[in-house]
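To start, the structure itself, in structure tokens.
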Amino acid sequence: MMLDPLNAVIEDLKDNGIIPDVIPIDPPFHPKALLVVIFPTSQEALLGNTLTKTDTTDEPTVLFTPVLNVTGEPTYTLVMTDPDAPSRENPKFREWRHWVVTGVKASPTSTVEMDDLAAQLTKPAVTPYYPPTPPPGTGKHRYVILLYQEPNADFLIPADAPERKNEPANRKNWNSAEFADKYGLKLVGVNYFVVVGE
């Protein structure tokens, strides 16, 4: 019997506390796409593998399988967040917002045939990429990448939104689930990796 890769994602997220630390238990999350995250160092996020600060210094390329049961050409919002700030044992800054990009589009069908599945980032980042920098001695930090389907092609984050305040002090105590609810975003894909604060 073949293992359903989308169900395997859900089980991993539960086993490693992404559900409920980042993704709420209710309503239940049902992935619609497999999300691939590859850094310029050729290191890839593989549902909880350990990478280094050096591996993840620069903004990654994101790829995703076509989202199931979608019509037209939807756009997506991409988020990267750390629920373990400053540590998993003491997450008083949960979540730390590392990256928010709206207007993400799946690769055109023509490029899929050429083996290029890289998503198109059509707008400047709302929250520019801030690389993982777990403080020394804080252990493993989970960096969670979330892909949300946007409610419409004209979706944008207002100029005065908290997600546009990008000084480090403004990135802490953010909540990706509340952000998604506020803007009508539907979670369709998730991946994550670990960086150790040592």
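Chains: A, B, ... in order of the structure tokens. Residues: from 1 per chain. Ligands: from 1, in order shown.
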
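Near segment 57-69 of chain A, within a cut-off of 7 Å and counting only C-alpha atoms, sit the residues Lys32, Ala33, Leu34, Leu35, Val36, Val37, Ile38, Phe39, Pro40, Leu117, Ala118, Ala119, Tyr129 and Pro131 of chain A, with same-chain residues fewer than 6 positions away left out.
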
Writer output for current selection, N, CA, C and O atoms, as a PDB file, in the first residue's frame:
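Writing done, so here's selection.pdb:
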```
ATOM      1  N   LYS A  32      -3.177  20.733   0.340  1.00  0.00           N
ATOM      2  CA  LYS A  32      -3.608  20.610  -1.055  1.00  0.00           C
ATOM      3  C   LYS A  32      -2.427  20.633  -2.015  1.00  0.00           C
ATOM      4  O   LYS A  32      -2.606  20.482  -3.212  1.00  0.00           O
ATOM      5  N   ALA A  33      -1.226  20.865  -1.463  1.00  0.00           N
ATOM      6  CA  ALA A  33      -0.033  20.945  -2.304  1.00  0.00           C
ATOM      7  C   ALA A  33       1.179  20.510  -1.494  1.00  0.00           C
ATOM      8  O   ALA A  33       1.204  20.657  -0.275  1.00  0.00           O
ATOM      9  N   LEU A  34       2.173  19.974  -2.184  1.00  0.00           N
ATOM     10  CA  LEU A  34       3.467  19.697  -1.565  1.00  0.00           C
ATOM     11  C   LEU A  34       4.351  20.915  -1.804  1.00  0.00           C
ATOM     12  O   LEU A  34       4.469  21.396  -2.934  1.00  0.00           O
ATOM     13  N   LEU A  35       4.943  21.413  -0.737  1.00  0.00           N
ATOM     14  CA  LEU A  35       5.731  22.643  -0.776  1.00  0.00           C
ATOM     15  C   LEU A  35       7.209  22.292  -0.663  1.00  0.00           C
ATOM     16  O   LEU A  35       7.622  21.621   0.273  1.00  0.00           O
ATOM     17  N   VAL A  36       7.988  22.757  -1.624  1.00  0.00           N
ATOM     18  CA  VAL A  36       9.428  22.490  -1.659  1.00  0.00           C
ATOM     19  C   VAL A  36      10.156  23.821  -1.472  1.00  0.00           C
ATOM     20  O   VAL A  36       9.809  24.814  -2.109  1.00  0.00           O
ATOM     21  N   VAL A  37      11.145  23.829  -0.583  1.00  0.00           N
ATOM     22  CA  VAL A  37      11.903  25.043  -0.275  1.00  0.00           C
ATOM     23  C   VAL A  37      13.385  24.709  -0.439  1.00  0.00           C
ATOM     24  O   VAL A  37      13.914  23.838   0.249  1.00  0.00           O
ATOM     25  N   ILE A  38      14.059  25.411  -1.368  1.00  0.00           N
ATOM     26  CA  ILE A  38      15.473  25.152  -1.665  1.00  0.00           C
ATOM     27  C   ILE A  38      16.254  26.454  -1.539  1.00  0.00           C
ATOM     28  O   ILE A  38      15.912  27.462  -2.162  1.00  0.00           O
ATOM     29  N   PHE A  39      17.295  26.417  -0.726  1.00  0.00           N
ATOM     30  CA  PHE A  39      18.133  27.595  -0.519  1.00  0.00           C
ATOM     31  C   PHE A  39      19.217  27.673  -1.591  1.00  0.00           C
ATOM     32  O   PHE A  39      19.562  26.664  -2.215  1.00  0.00           O
ATOM     33  N   PRO A  40      19.797  28.869  -1.820  1.00  0.00           N
ATOM     34  CA  PRO A  40      20.854  29.013  -2.824  1.00  0.00           C
ATOM     35  C   PRO A  40      22.057  28.102  -2.576  1.00  0.00           C
ATOM     36  O   PRO A  40      22.824  27.822  -3.502  1.00  0.00           O
ATOM     37  N   LEU A 117       9.829  24.298 -11.742  1.00  0.00           N
ATOM     38  CA  LEU A 117       8.606  24.464 -10.968  1.00  0.00           C
ATOM     39  C   LEU A 117       8.665  25.660 -10.023  1.00  0.00           C
ATOM     40  O   LEU A 117       7.801  25.828  -9.179  1.00  0.00           O
ATOM     41  N   ALA A 118       9.703  26.493 -10.135  1.00  0.00           N
ATOM     42  CA  ALA A 118       9.864  27.606  -9.197  1.00  0.00           C
ATOM     43  C   ALA A 118       8.667  28.541  -9.251  1.00  0.00           C
ATOM     44  O   ALA A 118       8.218  28.946 -10.324  1.00  0.00           O
ATOM     45  N   ALA A 119       8.146  28.853  -8.069  1.00  0.00           N
ATOM     46  CA  ALA A 119       7.038  29.800  -7.983  1.00  0.00           C
ATOM     47  C   ALA A 119       7.529  31.182  -8.395  1.00  0.00           C
ATOM     48  O   ALA A 119       8.697  31.515  -8.229  1.00  0.00           O
ATOM     49  N   TYR A 129      12.811  38.909   3.693  1.00  0.00           N
ATOM     50  CA  TYR A 129      13.402  37.713   4.292  1.00  0.00           C
ATOM     51  C   TYR A 129      14.433  38.087   5.352  1.00  0.00           C
ATOM     52  O   TYR A 129      15.328  38.899   5.120  1.00  0.00           O
ATOM     53  N   PRO A 131      16.969  35.960   7.785  1.00  0.00           N
ATOM     54  CA  PRO A 131      17.443  34.585   7.941  1.00  0.00           C
ATOM     55  C   PRO A 131      17.357  34.078   9.379  1.00  0.00           C
ATOM     56  O   PRO A 131      17.334  34.875  10.319  1.00  0.00           O
TER      57      PRO A 131
END
```

For the strand (DSSP E or B) assignment from backbone DSSP, which residues of segment 66-193 of chain A qualify? Please present them as an NGL selection string.
:A and (76-82 or 96-105 or 118 or 120-121 or 127 or 139-149 or 186-193)

Residue subset to file, keeping N, CA and C atoms, as a compact mmCIF listing (two decimals), in the first residue's frame:
```txt
# COMPACT_ATOMS: atom_id res chain seq x y z
N TYR A 76 -0.97 33.32 -4.26
CA TYR A 76 -0.69 32.76 -2.94
C TYR A 76 0.13 33.73 -2.11
N THR A 77 0.04 33.55 -0.80
CA THR A 77 0.90 34.27 0.15
C THR A 77 1.82 33.24 0.79
N LEU A 78 3.09 33.58 0.88
CA LEU A 78 4.10 32.71 1.46
C LEU A 78 4.59 33.35 2.76
N VAL A 79 4.69 32.52 3.81
CA VAL A 79 5.10 33.00 5.13
C VAL A 79 6.19 32.08 5.67
N MET A 80 7.18 32.65 6.36
CA MET A 80 8.12 31.85 7.14
C MET A 80 8.12 32.41 8.56
N THR A 81 7.96 31.52 9.53
CA THR A 81 7.83 31.94 10.92
C THR A 81 8.56 30.98 11.86
N ASP A 82 8.99 31.50 12.99
CA ASP A 82 9.68 30.72 14.02
C ASP A 82 8.82 30.71 15.28
N TRP A 96 7.96 34.47 15.61
CA TRP A 96 8.85 35.48 15.04
C TRP A 96 8.65 35.45 13.52
N ARG A 97 8.22 36.55 12.95
CA ARG A 97 7.88 36.64 11.53
C ARG A 97 9.16 36.87 10.71
N HIS A 98 9.51 35.88 9.90
CA HIS A 98 10.75 35.97 9.10
C HIS A 98 10.54 36.42 7.67
N TRP A 99 9.35 36.15 7.11
CA TRP A 99 9.16 36.42 5.68
C TRP A 99 7.68 36.39 5.36
N VAL A 100 7.19 37.38 4.64
CA VAL A 100 5.82 37.37 4.11
C VAL A 100 5.87 37.92 2.69
N VAL A 101 5.39 37.14 1.74
CA VAL A 101 5.35 37.54 0.33
C VAL A 101 3.95 37.26 -0.19
N THR A 102 3.33 38.26 -0.82
CA THR A 102 2.01 38.07 -1.44
C THR A 102 2.17 38.00 -2.96
N GLY A 103 1.09 37.62 -3.64
CA GLY A 103 1.10 37.60 -5.11
C GLY A 103 1.96 36.50 -5.70
N VAL A 104 2.21 35.44 -4.95
CA VAL A 104 3.01 34.32 -5.45
C VAL A 104 2.16 33.51 -6.42
N LYS A 105 2.75 33.17 -7.55
CA LYS A 105 2.04 32.39 -8.56
C LYS A 105 2.78 31.08 -8.81
N ALA A 118 9.70 26.49 -10.13
CA ALA A 118 9.86 27.61 -9.20
C ALA A 118 8.67 28.54 -9.25
N GLN A 120 6.61 31.99 -8.91
CA GLN A 120 6.94 33.34 -9.33
C GLN A 120 6.56 34.32 -8.22
N LEU A 121 7.54 35.07 -7.74
CA LEU A 121 7.27 36.11 -6.75
C LEU A 121 7.02 37.38 -7.53
N THR A 127 7.09 41.47 4.16
CA THR A 127 8.13 41.35 5.19
C THR A 127 9.35 40.76 4.52
N GLY A 139 18.87 25.93 21.63
CA GLY A 139 18.45 24.64 21.08
C GLY A 139 17.83 24.75 19.70
N LYS A 140 17.01 23.76 19.39
CA LYS A 140 16.41 23.65 18.05
C LYS A 140 15.28 24.65 17.88
N HIS A 141 15.32 25.36 16.76
CA HIS A 141 14.22 26.24 16.35
C HIS A 141 13.59 25.67 15.09
N ARG A 142 12.27 25.57 15.07
CA ARG A 142 11.54 25.13 13.88
C ARG A 142 11.19 26.37 13.05
N TYR A 143 11.58 26.35 11.79
CA TYR A 143 11.25 27.43 10.87
C TYR A 143 10.20 26.88 9.91
N VAL A 144 8.99 27.43 10.02
CA VAL A 144 7.84 26.87 9.33
C VAL A 144 7.50 27.75 8.13
N ILE A 145 7.37 27.12 6.96
CA ILE A 145 7.01 27.81 5.74
C ILE A 145 5.58 27.43 5.42
N LEU A 146 4.73 28.44 5.26
CA LEU A 146 3.30 28.25 5.05
C LEU A 146 2.91 28.85 3.70
N LEU A 147 2.13 28.11 2.93
CA LEU A 147 1.62 28.61 1.64
C LEU A 147 0.11 28.74 1.75
N TYR A 148 -0.38 29.96 1.56
CA TYR A 148 -1.81 30.25 1.66
C TYR A 148 -2.36 30.66 0.30
N GLN A 149 -3.54 30.18 -0.04
CA GLN A 149 -4.22 30.67 -1.22
C GLN A 149 -4.90 31.99 -0.87
N LYS A 186 -6.30 30.89 2.84
CA LYS A 186 -6.56 29.47 3.08
C LYS A 186 -5.24 28.69 2.99
N LEU A 187 -4.86 28.05 4.09
CA LEU A 187 -3.61 27.29 4.13
C LEU A 187 -3.70 26.08 3.20
N VAL A 188 -2.73 25.96 2.28
CA VAL A 188 -2.76 24.84 1.32
C VAL A 188 -1.48 23.99 1.36
N GLY A 189 -0.38 24.53 1.89
CA GLY A 189 0.86 23.76 1.93
C GLY A 189 1.77 24.22 3.06
N VAL A 190 2.57 23.27 3.58
CA VAL A 190 3.47 23.55 4.70
C VAL A 190 4.75 22.74 4.54
N ASN A 191 5.85 23.32 4.97
CA ASN A 191 7.12 22.62 5.10
C ASN A 191 7.84 23.29 6.26
N TYR A 192 8.92 22.68 6.75
CA TYR A 192 9.70 23.31 7.81
C TYR A 192 11.06 22.68 7.88
N PHE A 193 11.97 23.40 8.54
CA PHE A 193 13.32 22.91 8.79
C PHE A 193 13.72 23.38 10.17
```

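For the choices A:Pro74, A:Thr56, A:Ala177, A:Asn152, the atom-to-atom distance to Asp26 of chain A is smallest for A:Ala177 when using only C-alpha atoms.
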
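Our summary of the geometry notes that atom CA of Pro5 of chain A is positioned 24.7 Å from atom CA of Gly72 of chain A.
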
In Å, rounded to a single decimal, give me how far atom CA of Leu51 of chain A is from atom CA of Glu178 of chain A.
28.0 Å

Secondary structure check, alpha helix (DSSP H) residues of segment 8-164 of chain A, as a count of residues only
16

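Among the candidate residues A:Val70, A:Ala85, A:Ala8, A:Ile23, the one lying nearest to Asn173 of chain A is A:Ala85, with distances computed using only C-alpha atoms.
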
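Reported to one decimal place, the separation of atom CA of Leu13 of chain A from atom CA of Gly48 of chain A is 9.1 Å.
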
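The nearest approach to Pro132 of chain A among the residues A:Thr75, A:Thr50, A:Ser176, A:Asn90, with only C-alpha atoms taken into account, belongs to A:Thr50.
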